[in-house]
Amino acid sequence: MNYLEAISAPARENRLRANIAFGGTCGDIKGCLKKGCFSGNGCLNLAGRRFSQTQGCQFTLSLAILNTLRNAVVIMHSPIGCGTCTISNVGVNKTFKQLRDPNSEGIIWLSTNLDEADVISGGERKLREAVLFADKEFRPETIIVANGCVPSLIGDDIDSIISDLQNQTAATIVPIHCEGFKTKVMATAYDAVYHGILKKLVKKPERQRYLVNDDVEALKESYKIGRNVNVFNVGSMSRADELELKRLLNALGLNVTFIPCYAEPEDFQYSLESSLNISICGTHDDYFLEHIKEKYDIPFIIDTMPIGRKNTDRWLLKIAAHFGLENEARKLIETENAELDKCLESFRETLKGKRAFISGGEVRILATAEILQDLGMKLVGFKAHHFDEFIEPVFDALENVDDVVFDVATNQPFEQANLLKRIKADILITHTGGNNILAKIGLPILPLFGPAYNYLGYSGVFEVARRLNRVIRNGQFNKQLSLHTKLPYKEEWYKKDPFTYIVEQDAV
Amino acid sequence: MSKFVDRPRYTCTLGGALATLRAIPRAIPIIHASAGCGHNLHNAINPGGGYLGGGYCGGLSLPSSNVTERDIVFGGENRLREQIKTTLEVMDGDIYLVLTGCMVEMIGDDLDAVVSEFSDYDKPVLPVHTPSFRGNSFTGYELVLSSLIRKYVKKQSKIPGNVNILGIVPAQDPFWQGNLKEIKRLLEKLGLKVNTLFGEGEGLESIRNAGSASLNIVVSDTYGITAARTFEEVHGIPYITTGLPIGAEATGNFLRAVSDALSIDKTLTEFVIAQEELIYYSYLERLADIYNDIDLQRYAVVVADANYAPALSKFLSDELGWLPELVVITDLLEESQKYILLERFKNYQSGLTPVVKFDTDASSIKKYLAEIRPPNRNQRYYDSFSPAVILGSVYERDIAGEFGFPLLTVSFPVTNRVVLNRSYVGTNGALSLAEDLLGLLVAGR
Ligand code: SF4
């Protein structure tokens, strides 16, 4: 893979033929994968909706990573509104950064505040002023310039403005081309961010060399690098999640660096002194890992997400296999499982048979479903932001899901509201954002992720079980809401097929 | 010539429009823009407005045409037409407003033409041009209101004693609902029929019938004025501007201004004011002990929008007896607007004159603080700016932490508190403000 000559990363509907509108069952989804719907002409590729609700863009999703980078200032090159979603993060950002480095600053961002005059004459002046101000005022290591839709429509030549400015700033300037209107697949954001990072921040670190070759030191170094791995974290992961994965990999004798979230700029350099790149979610990382493989020859693993016992086992074994440590890994897995299994018993008693509907990112929802099956719960529905080839390995850990409803929709809570009239559920497990609709359906909700909670690894299974058990014990808040509020959909909508508005080919 | 903004305390025109419609029950916005705009703005307005929530149709349920580059190449009108049609099939509302994002305005989609195709629908479907490059949240409020005033508010004969309230922008004022309620309570005491357009007890009908008012009261020097002018032009309703009344004195002046404009019997007005003051001081009097026992006077820094900043500063100075030495007004303002606002800082009873700065940038506050009180250069005797309190937004948390000043978040964004029906205006609101401010100071006791 090499797209780095291009200004920006390609949209995922083109690169991966990803789909954002599909209604069927898990069985259908598996069928699509077998038929090769994501290769060749990509039969699901251009599906869309005749009715749609707001869904997020790659700009806002890019910020989920960009806003976590330490020692960076983010410039939203756009009118004043783009990226104000950062407000939802501003209060907690510093706390989370400080879990990695106690001296971290909270998030600093500037908007170039493009107005009508700029739309006519170009946004260059304001971008220049913002970059120079950021450099002088905050002395960051990195200045990230995230482009919204407007500069791209004006035709600002961001890259040349930036290479010119680079001579005047101490900070490295990283352009991120994440214009919202360029793609319907929000997850293109990950590629957009990695594209900028690959171009500007990834380079071999400068090291002092020995004047005289010292074989012992050289051996030591290569031994160390031979045990260094990078784990690619995601914005929705907590520090507790990281510590759990670190604990497991340390047990196999591996040293772990987490990138890209909450990383410092030079972490991307040191990440090259490593022998394996490990993804926890294919949806996030393939663009980066493929490029690194091609350019620096570092192998990678993209497989399942380590949520749930079976998935965690599998994830560990794959990594162990790379290092020839399968036996050690098996021992670890055995001990971990034995202890955890016992501790889940009491939760199984309360949760057994409870029906759950899960919505969020494709990989995460299926991985989380494994925990629910482990607890004896019943899966009654899935809703995935989008759907592409990376979903495949995550199905393996699930049993008897072929008949379970699978809705592919980035947000679009109207479809889920309709589905929940047909499907009886006891609990919803949901991505943040759409819950003002789902809460009013009256069911208890467990967030699908939370940057303050543990979901991953073995400890994550216990923590999810514990929280499910708590949430299900008292659902009065949402239940009362449902009795006193009304959803904004017409009665006729509930009578229609939930997938009525999906069309194979987008209306253009 | 405008400049970049360091951590803006507002969203764009579209954001202001969405927040305003969020305040009208059963109003359905239809966003004609890219897929991200609505989502992004909800994630600003919800937490920034003290967890305002999506409301009836809000958040991720907002209908949106989600146009992409492909649609833009061919023009987004077909997609918009389809989206309006299907929205009317799915979404249960009483009015539908089609709002635009920047990209569809730049390619020149004919919003009005497409929307006019739906004029036969049994509920109104109205277009509002809200490209984000045309202003900020405050502009969005004006644009939505002006469009409703022109196209939706019924032409009616004026009823003496009916008044509308303008100038409090939902979400941008996190306490909008409580504030409107308190203003209504106060004016009702003058025998007025008060239409706050949004908030408790109001609905779409309130807006429909707003044309019966004989006066528009704009409780702001800067916001709601375009809407008031549109009312004047289209419905012949005059308006007054009063500024945001916080505290007994400001409330008294506010009631007098309204009563003058409507020629209300002065004795009634003075009676109401006296009654309010009596109640107000019956509460405030409780502080006589603790305030003086442990010296609860503080220096203060106010960082807020054009509505709150002058009102808070004056309240702190003339009623709480504090020293608001520095006031930073964070909005994007014209010179003429700044001039009007500066007038509000004159003639304090305390004799104080705060330093007033107009600055949109979060990083500026610290510089101004150093300006008004040069830092200690190892002097043995140093008259420090302490003890002090900051009234601002959550952005001021860092500086508050650095100097060890308690912070009360009152202006957008307010993400560190949940706001339901709390108010900071009028006499009741001023009591809440005193509770919250002094509450900070005794929290460790
Ligand atoms: S204008 Fe574009 S970049 Fe900005 S929020 Fe909307 S879709 Fe995203």
# chains A, B, ... in the order shown; residues from 1 in each chain; ligands from 1
>>> interface_residues(of="chain A", to="chain B", cutoff="6 Å", atoms="only C-alpha atoms", output="ChimeraX atom specification")
/A:51-57,79-81,84-85,87-88,109-116,181-182,434,488-490,493,508
>>> write_last_selection(atoms="N, CA and C atoms", output="compact mmCIF listing (two decimals), in the first residue's frame")
# COMPACT_ATOMS: atom_id res chain seq x y z
N PHE A 51 -33.84 8.59 3.43
CA PHE A 51 -33.99 9.45 4.62
C PHE A 51 -32.76 9.23 5.48
N SER A 52 -32.14 10.31 5.91
CA SER A 52 -30.97 10.10 6.75
C SER A 52 -30.95 11.11 7.89
N GLN A 53 -30.24 10.71 8.93
CA GLN A 53 -30.04 11.59 10.08
C GLN A 53 -28.55 11.91 10.16
N THR A 54 -28.25 12.95 10.88
CA THR A 54 -26.86 13.40 10.91
C THR A 54 -25.97 12.27 11.45
N GLN A 55 -24.77 12.15 10.96
CA GLN A 55 -24.02 10.96 11.35
C GLN A 55 -22.57 11.18 11.77
N GLY A 56 -22.07 12.37 11.69
CA GLY A 56 -20.66 12.57 12.03
C GLY A 56 -19.84 12.54 10.75
N CYS A 57 -18.71 13.22 10.79
CA CYS A 57 -17.88 13.25 9.59
C CYS A 57 -16.47 12.87 9.96
N PRO A 79 -14.75 27.33 9.03
CA PRO A 79 -15.55 28.32 9.75
C PRO A 79 -15.61 27.96 11.24
N ILE A 80 -16.18 28.84 12.02
CA ILE A 80 -16.06 28.73 13.48
C ILE A 80 -16.69 27.46 14.07
N GLY A 81 -17.61 26.84 13.34
CA GLY A 81 -18.34 25.70 13.94
C GLY A 81 -17.61 24.38 13.92
N THR A 84 -16.11 22.20 17.00
CA THR A 84 -16.52 22.65 18.33
C THR A 84 -16.99 21.46 19.18
N CYS A 85 -17.14 20.30 18.55
CA CYS A 85 -17.44 19.09 19.33
C CYS A 85 -16.33 18.83 20.34
N ILE A 87 -15.56 20.60 22.54
CA ILE A 87 -16.08 21.05 23.84
C ILE A 87 -16.48 19.86 24.71
N SER A 88 -16.95 18.80 24.06
CA SER A 88 -17.38 17.64 24.84
C SER A 88 -16.19 16.97 25.52
N TRP A 109 -6.93 24.43 21.08
CA TRP A 109 -7.22 24.45 19.65
C TRP A 109 -7.63 25.84 19.21
N LEU A 110 -7.35 26.11 17.96
CA LEU A 110 -7.72 27.39 17.37
C LEU A 110 -8.63 27.12 16.18
N SER A 111 -9.57 28.02 15.96
CA SER A 111 -10.36 27.93 14.74
C SER A 111 -9.91 29.06 13.84
N THR A 112 -9.69 28.78 12.55
CA THR A 112 -9.31 29.90 11.69
C THR A 112 -10.51 30.80 11.39
N ASN A 113 -11.69 30.36 11.81
CA ASN A 113 -12.85 31.25 11.77
C ASN A 113 -13.08 31.84 10.38
N LEU A 114 -13.12 30.99 9.39
CA LEU A 114 -13.30 31.48 8.01
C LEU A 114 -14.68 32.13 7.87
N ASP A 115 -14.70 33.29 7.28
CA ASP A 115 -15.98 33.97 7.09
C ASP A 115 -16.22 34.23 5.62
N GLU A 116 -17.27 35.00 5.35
CA GLU A 116 -17.68 35.20 3.97
C GLU A 116 -16.54 35.78 3.11
N PHE A 181 -17.05 16.31 3.86
CA PHE A 181 -17.92 15.93 2.74
C PHE A 181 -17.23 14.99 1.75
N LYS A 182 -15.97 14.63 2.01
CA LYS A 182 -15.26 13.78 1.05
C LYS A 182 -15.65 12.32 1.16
N GLY A 434 -26.34 8.78 20.39
CA GLY A 434 -27.75 8.65 20.01
C GLY A 434 -28.66 8.34 21.18
N PRO A 488 -39.61 11.30 18.35
CA PRO A 488 -40.04 12.23 17.30
C PRO A 488 -40.50 11.54 16.01
N TYR A 489 -40.79 10.27 16.06
CA TYR A 489 -41.14 9.58 14.82
C TYR A 489 -42.65 9.37 14.71
N LYS A 490 -43.13 9.40 13.49
CA LYS A 490 -44.55 9.19 13.25
C LYS A 490 -44.93 7.72 13.45
N TRP A 493 -44.19 5.34 10.70
CA TRP A 493 -42.82 4.87 10.52
C TRP A 493 -42.64 3.47 11.13
N VAL A 508 -28.00 10.40 -6.65
CA VAL A 508 -27.07 11.49 -6.96
C VAL A 508 -27.82 12.45 -7.87
>>> closest_atom_pairs(of="chain A", to="ligand 1", cutoff="6 Å", atoms="only C-alpha atoms and all ligand atoms", output="CSV")
residue,atom,partner,partner_atom_place_in_ligand_line,distance
A:Cys57,CA,ligand 1,8 (Fe),5.0
A:Phe59,CA,ligand 1,3 (S),5.0
A:Cys82,CA,ligand 1,4 (Fe),4.1
A:Gly148,CA,ligand 1,3 (S),3.7
A:Cys149,CA,ligand 1,2 (Fe),4.2
A:Glu179,CA,ligand 1,3 (S),4.9
A:Gly180,CA,ligand 1,7 (S),3.8
A:Phe181,CA,ligand 1,7 (S),5.3
>>> write_last_selection(atoms="all heavy atoms", output="PDB file, in the first residue's frame")
ATOM      1  N   CYS A  57     -18.710  13.218  10.786  1.00  0.00           N
ATOM      2  CA  CYS A  57     -17.880  13.254   9.587  1.00  0.00           C
ATOM      3  C   CYS A  57     -16.466  12.869   9.956  1.00  0.00           C
ATOM      4  O   CYS A  57     -16.121  12.736  11.121  1.00  0.00           O
ATOM      5  CB  CYS A  57     -17.899  14.651   8.961  1.00  0.00           C
ATOM      6  SG  CYS A  57     -17.140  15.929   9.979  1.00  0.00           S
ATOM      7  N   PHE A  59     -13.918  14.618   9.851  1.00  0.00           N
ATOM      8  CA  PHE A  59     -13.269  15.704  10.607  1.00  0.00           C
ATOM      9  C   PHE A  59     -13.469  15.480  12.112  1.00  0.00           C
ATOM     10  O   PHE A  59     -12.518  15.460  12.891  1.00  0.00           O
ATOM     11  CB  PHE A  59     -13.892  17.041  10.189  1.00  0.00           C
ATOM     12  CG  PHE A  59     -13.202  18.267  10.746  1.00  0.00           C
ATOM     13  CD1 PHE A  59     -12.357  19.007   9.942  1.00  0.00           C
ATOM     14  CD2 PHE A  59     -13.400  18.684  12.041  1.00  0.00           C
ATOM     15  CE1 PHE A  59     -11.727  20.148  10.432  1.00  0.00           C
ATOM     16  CE2 PHE A  59     -12.767  19.813  12.542  1.00  0.00           C
ATOM     17  CZ  PHE A  59     -11.927  20.547  11.725  1.00  0.00           C
ATOM     18  N   CYS A  82     -16.837  24.109  12.862  1.00  0.00           N
ATOM     19  CA  CYS A  82     -16.245  22.775  12.725  1.00  0.00           C
ATOM     20  C   CYS A  82     -15.329  22.488  13.899  1.00  0.00           C
ATOM     21  O   CYS A  82     -14.497  23.311  14.261  1.00  0.00           O
ATOM     22  CB  CYS A  82     -15.436  22.658  11.437  1.00  0.00           C
ATOM     23  SG  CYS A  82     -16.404  22.891   9.966  1.00  0.00           S
ATOM     24  N   GLY A 148     -11.375  21.512   7.270  1.00  0.00           N
ATOM     25  CA  GLY A 148     -12.798  21.255   7.107  1.00  0.00           C
ATOM     26  C   GLY A 148     -13.187  21.371   5.637  1.00  0.00           C
ATOM     27  O   GLY A 148     -12.327  21.524   4.755  1.00  0.00           O
ATOM     28  N   CYS A 149     -14.486  21.326   5.394  1.00  0.00           N
ATOM     29  CA  CYS A 149     -14.987  21.333   4.019  1.00  0.00           C
ATOM     30  C   CYS A 149     -14.692  22.651   3.294  1.00  0.00           C
ATOM     31  O   CYS A 149     -14.396  22.656   2.108  1.00  0.00           O
ATOM     32  CB  CYS A 149     -16.496  21.110   4.020  1.00  0.00           C
ATOM     33  SG  CYS A 149     -16.986  19.509   4.670  1.00  0.00           S
ATOM     34  N   GLU A 179     -11.636  16.640   5.331  1.00  0.00           N
ATOM     35  CA  GLU A 179     -12.852  17.360   4.968  1.00  0.00           C
ATOM     36  C   GLU A 179     -14.057  16.422   5.052  1.00  0.00           C
ATOM     37  O   GLU A 179     -14.077  15.368   4.413  1.00  0.00           O
ATOM     38  CB  GLU A 179     -12.760  17.888   3.545  1.00  0.00           C
ATOM     39  CG  GLU A 179     -11.548  18.745   3.277  1.00  0.00           C
ATOM     40  CD  GLU A 179     -10.322  17.943   2.858  1.00  0.00           C
ATOM     41  OE1 GLU A 179     -10.319  16.716   3.064  1.00  0.00           O
ATOM     42  OE2 GLU A 179      -9.384  18.544   2.320  1.00  0.00           O
ATOM     43  N   GLY A 180     -15.040  16.850   5.824  1.00  0.00           N
ATOM     44  CA  GLY A 180     -16.188  15.984   6.092  1.00  0.00           C
ATOM     45  C   GLY A 180     -16.893  15.478   4.849  1.00  0.00           C
ATOM     46  O   GLY A 180     -17.302  14.316   4.780  1.00  0.00           O
ATOM     47  N   PHE A 181     -17.051  16.311   3.858  1.00  0.00           N
ATOM     48  CA  PHE A 181     -17.916  15.926   2.740  1.00  0.00           C
ATOM     49  C   PHE A 181     -17.234  14.992   1.748  1.00  0.00           C
ATOM     50  O   PHE A 181     -17.833  14.573   0.781  1.00  0.00           O
ATOM     51  CB  PHE A 181     -18.435  17.185   2.028  1.00  0.00           C
ATOM     52  CG  PHE A 181     -17.393  17.883   1.182  1.00  0.00           C
ATOM     53  CD1 PHE A 181     -17.462  17.822  -0.203  1.00  0.00           C
ATOM     54  CD2 PHE A 181     -16.380  18.599   1.768  1.00  0.00           C
ATOM     55  CE1 PHE A 181     -16.501  18.457  -0.984  1.00  0.00           C
ATOM     56  CE2 PHE A 181     -15.426  19.237   0.999  1.00  0.00           C
ATOM     57  CZ  PHE A 181     -15.482  19.171  -0.379  1.00  0.00           C
TER      58      PHE A 181
END
>>> atom_distance(atom1="atom CA of Thr304 of chain A", atom2="atom CA of Gly24 of chain A")
22.6 Å
